[in-house]
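Listing of work_39.cif, mmCIF, C-alpha atoms, pLDDT in the B column; chains and numbers go by the auth columns
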data_data
#
loop_
_atom_site.group_PDB
_atom_site.id
_atom_site.type_symbol
_atom_site.label_atom_id
_atom_site.label_comp_id
_atom_site.label_asym_id
_atom_site.label_seq_id
_atom_site.Cartn_x
_atom_site.Cartn_y
_atom_site.Cartn_z
_atom_site.B_iso_or_equiv
_atom_site.auth_seq_id
_atom_site.auth_asym_id
ATOM 1 C CA MET A 1 7.623 -14.883 4.898 94.00 1 A
ATOM 2 C CA LYS A 2 5.548 -11.752 5.316 97.00 2 A
ATOM 3 C CA GLU A 3 3.505 -9.631 2.955 97.00 3 A
ATOM 4 C CA ILE A 4 3.577 -5.876 3.333 98.00 4 A
ATOM 5 C CA LYS A 5 0.652 -4.071 1.749 97.00 5 A
ATOM 6 C CA ALA A 6 0.057 -0.361 1.481 96.00 6 A
ATOM 7 C CA VAL A 7 -2.613 1.854 -0.016 94.00 7 A
ATOM 8 C CA ILE A 8 -1.116 5.251 -0.801 93.00 8 A
ATOM 9 C CA ARG A 9 -1.750 8.465 -2.729 90.00 9 A
ATOM 10 C CA GLU A 10 -0.573 8.195 -6.338 91.00 10 A
ATOM 11 C CA GLN A 11 1.784 11.167 -5.976 91.00 11 A
ATOM 12 C CA LYS A 12 3.648 9.435 -3.142 92.00 12 A
ATOM 13 C CA LEU A 13 4.553 6.410 -5.285 95.00 13 A
ATOM 14 C CA ALA A 14 7.628 7.827 -7.079 96.00 14 A
ATOM 15 C CA PRO A 15 9.440 9.155 -3.977 95.00 15 A
ATOM 16 C CA LEU A 16 8.589 6.028 -1.975 95.00 16 A
ATOM 17 C CA TYR A 17 9.846 3.761 -4.772 97.00 17 A
ATOM 18 C CA ALA A 18 13.098 5.766 -5.045 96.00 18 A
ATOM 19 C CA MET A 19 13.663 5.388 -1.296 96.00 19 A
ATOM 20 C CA LEU A 20 12.904 1.653 -1.341 96.00 20 A
ATOM 21 C CA ARG A 21 15.177 1.008 -4.358 97.00 21 A
ATOM 22 C CA SER A 22 18.103 2.386 -2.369 96.00 22 A
ATOM 23 C CA ARG A 23 17.666 -0.331 0.262 96.00 23 A
ATOM 24 C CA PRO A 24 19.557 -3.631 -0.161 95.00 24 A
ATOM 25 C CA ASP A 25 16.641 -5.584 1.392 95.00 25 A
ATOM 26 C CA PHE A 26 14.056 -4.299 -1.133 96.00 26 A
ATOM 27 C CA PRO A 27 12.825 -7.309 -3.184 94.00 27 A
ATOM 28 C CA GLY A 28 10.638 -5.372 -5.630 95.00 28 A
ATOM 29 C CA MET A 29 6.904 -4.821 -5.421 97.00 29 A
ATOM 30 C CA VAL A 30 3.619 -5.071 -7.263 97.00 30 A
ATOM 31 C CA VAL A 31 1.765 -1.804 -7.816 97.00 31 A
ATOM 32 C CA SER A 32 -1.869 -1.634 -8.853 97.00 32 A
ATOM 33 C CA LYS A 33 -4.552 1.013 -8.984 95.00 33 A
ATOM 34 C CA ALA A 34 -7.009 1.044 -6.101 91.00 34 A
ATOM 35 C CA GLU A 35 -10.311 2.785 -5.440 85.00 35 A
ATOM 36 C CA MET A 36 -10.885 3.768 -1.817 79.00 36 A
ATOM 37 C CA TYR A 37 -14.307 4.534 -0.391 76.00 37 A
ATOM 38 C CA THR A 38 -14.678 6.259 2.963 71.00 38 A
ATOM 39 C CA ALA A 39 -16.912 5.006 5.745 68.00 39 A
ATOM 40 C CA GLY A 40 -18.911 8.249 5.800 63.00 40 A
ATOM 41 C CA PRO A 41 -20.641 9.840 8.776 62.00 41 A
ATOM 42 C CA THR A 42 -21.900 7.589 11.540 62.00 42 A
ATOM 43 C CA ASP A 43 -25.081 9.517 12.236 63.00 43 A
ATOM 44 C CA ASP A 44 -28.143 10.096 10.048 62.00 44 A
ATOM 45 C CA THR A 45 -27.124 13.586 8.916 64.00 45 A
ATOM 46 C CA GLN A 46 -27.179 14.393 5.223 67.00 46 A
ATOM 47 C CA HIS A 47 -23.885 14.279 3.297 67.00 47 A
ATOM 48 C CA THR A 48 -22.331 17.608 2.405 74.00 48 A
ATOM 49 C CA ILE A 49 -21.025 18.319 -1.106 71.00 49 A
ATOM 50 C CA ARG A 50 -17.463 18.074 0.234 68.00 50 A
ATOM 51 C CA GLN A 51 -18.176 14.614 1.675 68.00 51 A
ATOM 52 C CA GLU A 52 -19.681 13.490 -1.618 66.00 52 A
ATOM 53 C CA LEU A 53 -16.607 14.667 -3.533 65.00 53 A
ATOM 54 C CA THR A 54 -14.135 13.016 -1.156 63.00 54 A
ATOM 55 C CA ASP A 55 -16.114 9.817 -0.561 68.00 55 A
ATOM 56 C CA HIS A 56 -14.254 8.078 -3.392 72.00 56 A
ATOM 57 C CA VAL A 57 -10.526 8.614 -3.980 78.00 57 A
ATOM 58 C CA ARG A 58 -7.923 7.023 -6.247 85.00 58 A
ATOM 59 C CA ARG A 59 -4.960 5.333 -4.634 91.00 59 A
ATOM 60 C CA CYS A 60 -2.132 2.925 -5.465 94.00 60 A
ATOM 61 C CA ARG A 61 -1.846 -0.440 -3.775 96.00 61 A
ATOM 62 C CA LEU A 62 1.640 -1.801 -3.098 97.00 62 A
ATOM 63 C CA GLU A 63 2.404 -5.439 -2.308 97.00 63 A
ATOM 64 C CA LEU A 64 5.771 -6.826 -1.224 97.00 64 A
ATOM 65 C CA VAL A 65 6.553 -10.397 -0.154 96.00 65 A
ATOM 66 C CA VAL A 66 9.645 -10.365 2.045 96.00 66 A
ATOM 67 C CA PRO A 67 11.608 -12.648 4.383 95.00 67 A
ATOM 68 C CA ASP A 68 10.612 -12.398 8.041 95.00 68 A
ATOM 69 C CA GLU A 69 13.838 -10.617 9.022 96.00 69 A
ATOM 70 C CA SER A 70 13.254 -7.850 6.421 96.00 70 A
ATOM 71 C CA ALA A 71 9.567 -7.277 7.166 97.00 71 A
ATOM 72 C CA LEU A 72 9.759 -4.911 10.132 97.00 72 A
ATOM 73 C CA PRO A 73 12.629 -2.732 8.785 97.00 73 A
ATOM 74 C CA LEU A 74 10.861 -2.377 5.408 97.00 74 A
ATOM 75 C CA PHE A 75 7.501 -1.717 7.074 97.00 75 A
ATOM 76 C CA GLU A 76 9.044 1.017 9.241 96.00 76 A
ATOM 77 C CA ALA A 77 10.815 2.541 6.208 96.00 77 A
ATOM 78 C CA ILE A 78 7.537 2.651 4.266 95.00 78 A
ATOM 79 C CA VAL A 79 5.665 4.224 7.185 94.00 79 A
ATOM 80 C CA ALA A 80 8.439 6.811 7.635 93.00 80 A
ATOM 81 C CA GLY A 81 8.414 7.563 3.906 91.00 81 A
ATOM 82 C CA LEU A 82 4.671 8.171 3.997 91.00 82 A
ATOM 83 C CA ALA A 83 4.581 10.066 7.308 86.00 83 A
ATOM 84 C CA LYS A 84 4.159 13.515 5.747 79.00 84 A
ATOM 85 C CA GLY A 85 0.648 14.357 4.655 69.00 85 A
ATOM 86 C CA ALA A 86 -2.906 14.406 5.912 70.00 86 A
ATOM 87 C CA ALA A 87 -4.384 11.883 8.307 71.00 87 A
ATOM 88 C CA GLY A 88 -5.760 8.890 6.423 67.00 88 A
ATOM 89 C CA ASP A 89 -3.611 9.411 3.313 73.00 89 A
ATOM 90 C CA SER A 90 -2.079 5.950 3.553 86.00 90 A
ATOM 91 C CA ARG A 91 -2.580 2.538 5.121 91.00 91 A
ATOM 92 C CA VAL A 92 0.243 0.027 5.657 95.00 92 A
ATOM 93 C CA TRP A 93 -0.033 -3.464 7.141 96.00 93 A
ATOM 94 C CA ILE A 94 1.824 -6.771 7.409 97.00 94 A
ATOM 95 C CA SER A 95 0.350 -10.255 6.986 97.00 95 A
ATOM 96 C CA ASP A 96 1.812 -13.732 7.332 97.00 96 A
ATOM 97 C CA VAL A 97 2.424 -15.662 4.111 96.00 97 A
ATOM 98 C CA GLU A 98 2.040 -19.417 4.421 94.00 98 A
ATOM 99 C CA ARG A 99 3.710 -20.392 1.151 90.00 99 A
ATOM 100 C CA VAL A 100 5.394 -18.675 -1.792 86.00 100 A
ATOM 101 C CA SER A 101 6.353 -20.087 -5.152 85.00 101 A
ATOM 102 C CA PHE A 102 8.234 -18.062 -7.742 78.00 102 A
ATOM 103 C CA VAL A 103 6.919 -19.417 -11.019 83.00 103 A
ATOM 104 C CA HIS A 104 9.092 -19.104 -14.115 78.00 104 A
ATOM 105 C CA LYS A 105 9.179 -20.652 -17.538 73.00 105 A
ATOM 106 C CA THR A 106 11.771 -23.336 -18.088 73.00 106 A
ATOM 107 C CA SER A 107 12.833 -24.845 -21.355 59.00 107 A
ATOM 108 C CA PRO A 108 11.352 -28.213 -22.229 60.00 108 A
#
Just give me the structure as structure tokens.
Amino acid sequence: MKEIKAVIREQKLAPLYAMLRSRPDFPGMVVSKAEMYTAGPTDDTQHTIRQELTDHVRRCRLELVVPDESALPLFEAIVAGLAKGAAGDSRVWISDVERVSFVHKTSP
């Protein structure tokens, strides 16, 4: 199993979700709010007002746990769906998942 995670602009969520829902290999996803902080300048110069205003931005975090054979096609679809925009708008990565358990309530 693999976990695909992405941090994206909030306005990209609806079109990305619509695209993913059309795919037969889409298992669903968890979406949460995320706060992203930039690294800032690497030298000792003073921050500009623009840097101060863009140092902290709101994003959405997506998490999908998928079978190994679906991971790369879904990853590539997400990257393609997010490809339009400014540099640094989104981050997408894949991690290995050691174990998954789908917990559900059963009757006694």
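The nearest approach to Arg9 (chain A) among the residues A:Val66, A:Val103, A:Ile94, A:Cys60, with only C-alpha atoms taken into account, belongs to A:Cys60.
Remark: for Trp93 (chain A), the closest of the candidate residues A:Arg23, A:Ala80, A:Ala6, A:Val31 is A:Ala6 (distances computed over all atoms listed in the file).
Using all atoms listed in the file, the smallest distance between any of A:Val79, A:Leu64, A:Leu72, A:Met36 and Lys5 (chain A) comes from A:Leu64.
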Subject >> Atom-to-atom span, CA of Lys2 (chain A) and CA of His56 (chain A), Å >> reply: 29.3 Å
Original post:
Quick one: residues within 7 Å of Ile8 (chain A), all atoms listed in the file counted, chain neighbours fewer than 5 positions away excluded, as a list in words?
Top reply: Arg59, Cys60, Arg61, Asp89, Ser90 and Arg91 of chain A
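Selection check: the PyMOL selection byres ((chain A and resi 30) around 6) on the shown file gives Met29, Val31, Leu62 and Glu63 of chain A.
Each of A:Pro24, A:Arg58, A:Val97, A:Val92 was compared to Val7 (chain A) using all atoms listed in the file, and A:Val92 turns out to be the nearest.
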What do you get, as a compact mmCIF listing (two decimals) with C-alpha atoms, in the coordinates of the input, if you spell out every residue that the PyMOL selection byres ((chain A and resi 25) around 12) selects here?
# COMPACT_ATOMS: atom_id res chain seq x y z
CA MET A 19 13.66 5.39 -1.30
CA LEU A 20 12.90 1.65 -1.34
CA ARG A 21 15.18 1.01 -4.36
CA SER A 22 18.10 2.39 -2.37
CA ARG A 23 17.67 -0.33 0.26
CA PRO A 24 19.56 -3.63 -0.16
CA PHE A 26 14.06 -4.30 -1.13
CA PRO A 27 12.82 -7.31 -3.18
CA GLY A 28 10.64 -5.37 -5.63
CA MET A 29 6.90 -4.82 -5.42
CA LEU A 64 5.77 -6.83 -1.22
CA VAL A 65 6.55 -10.40 -0.15
CA VAL A 66 9.64 -10.36 2.04
CA PRO A 67 11.61 -12.65 4.38
CA ASP A 68 10.61 -12.40 8.04
CA GLU A 69 13.84 -10.62 9.02
CA SER A 70 13.25 -7.85 6.42
CA ALA A 71 9.57 -7.28 7.17
CA LEU A 72 9.76 -4.91 10.13
CA PRO A 73 12.63 -2.73 8.78
CA LEU A 74 10.86 -2.38 5.41
CA PHE A 75 7.50 -1.72 7.07
CA ALA A 77 10.82 2.54 6.21
Subject >> Surrounding residues of Leu16 (chain A) excluding itself and chain neighbours under 4 positions, 8 Å, only C-alpha atoms, as a list of chain:residue names >> reply: A:Lys12, A:Leu20, A:Ile78, A:Gly81, A:Leu82
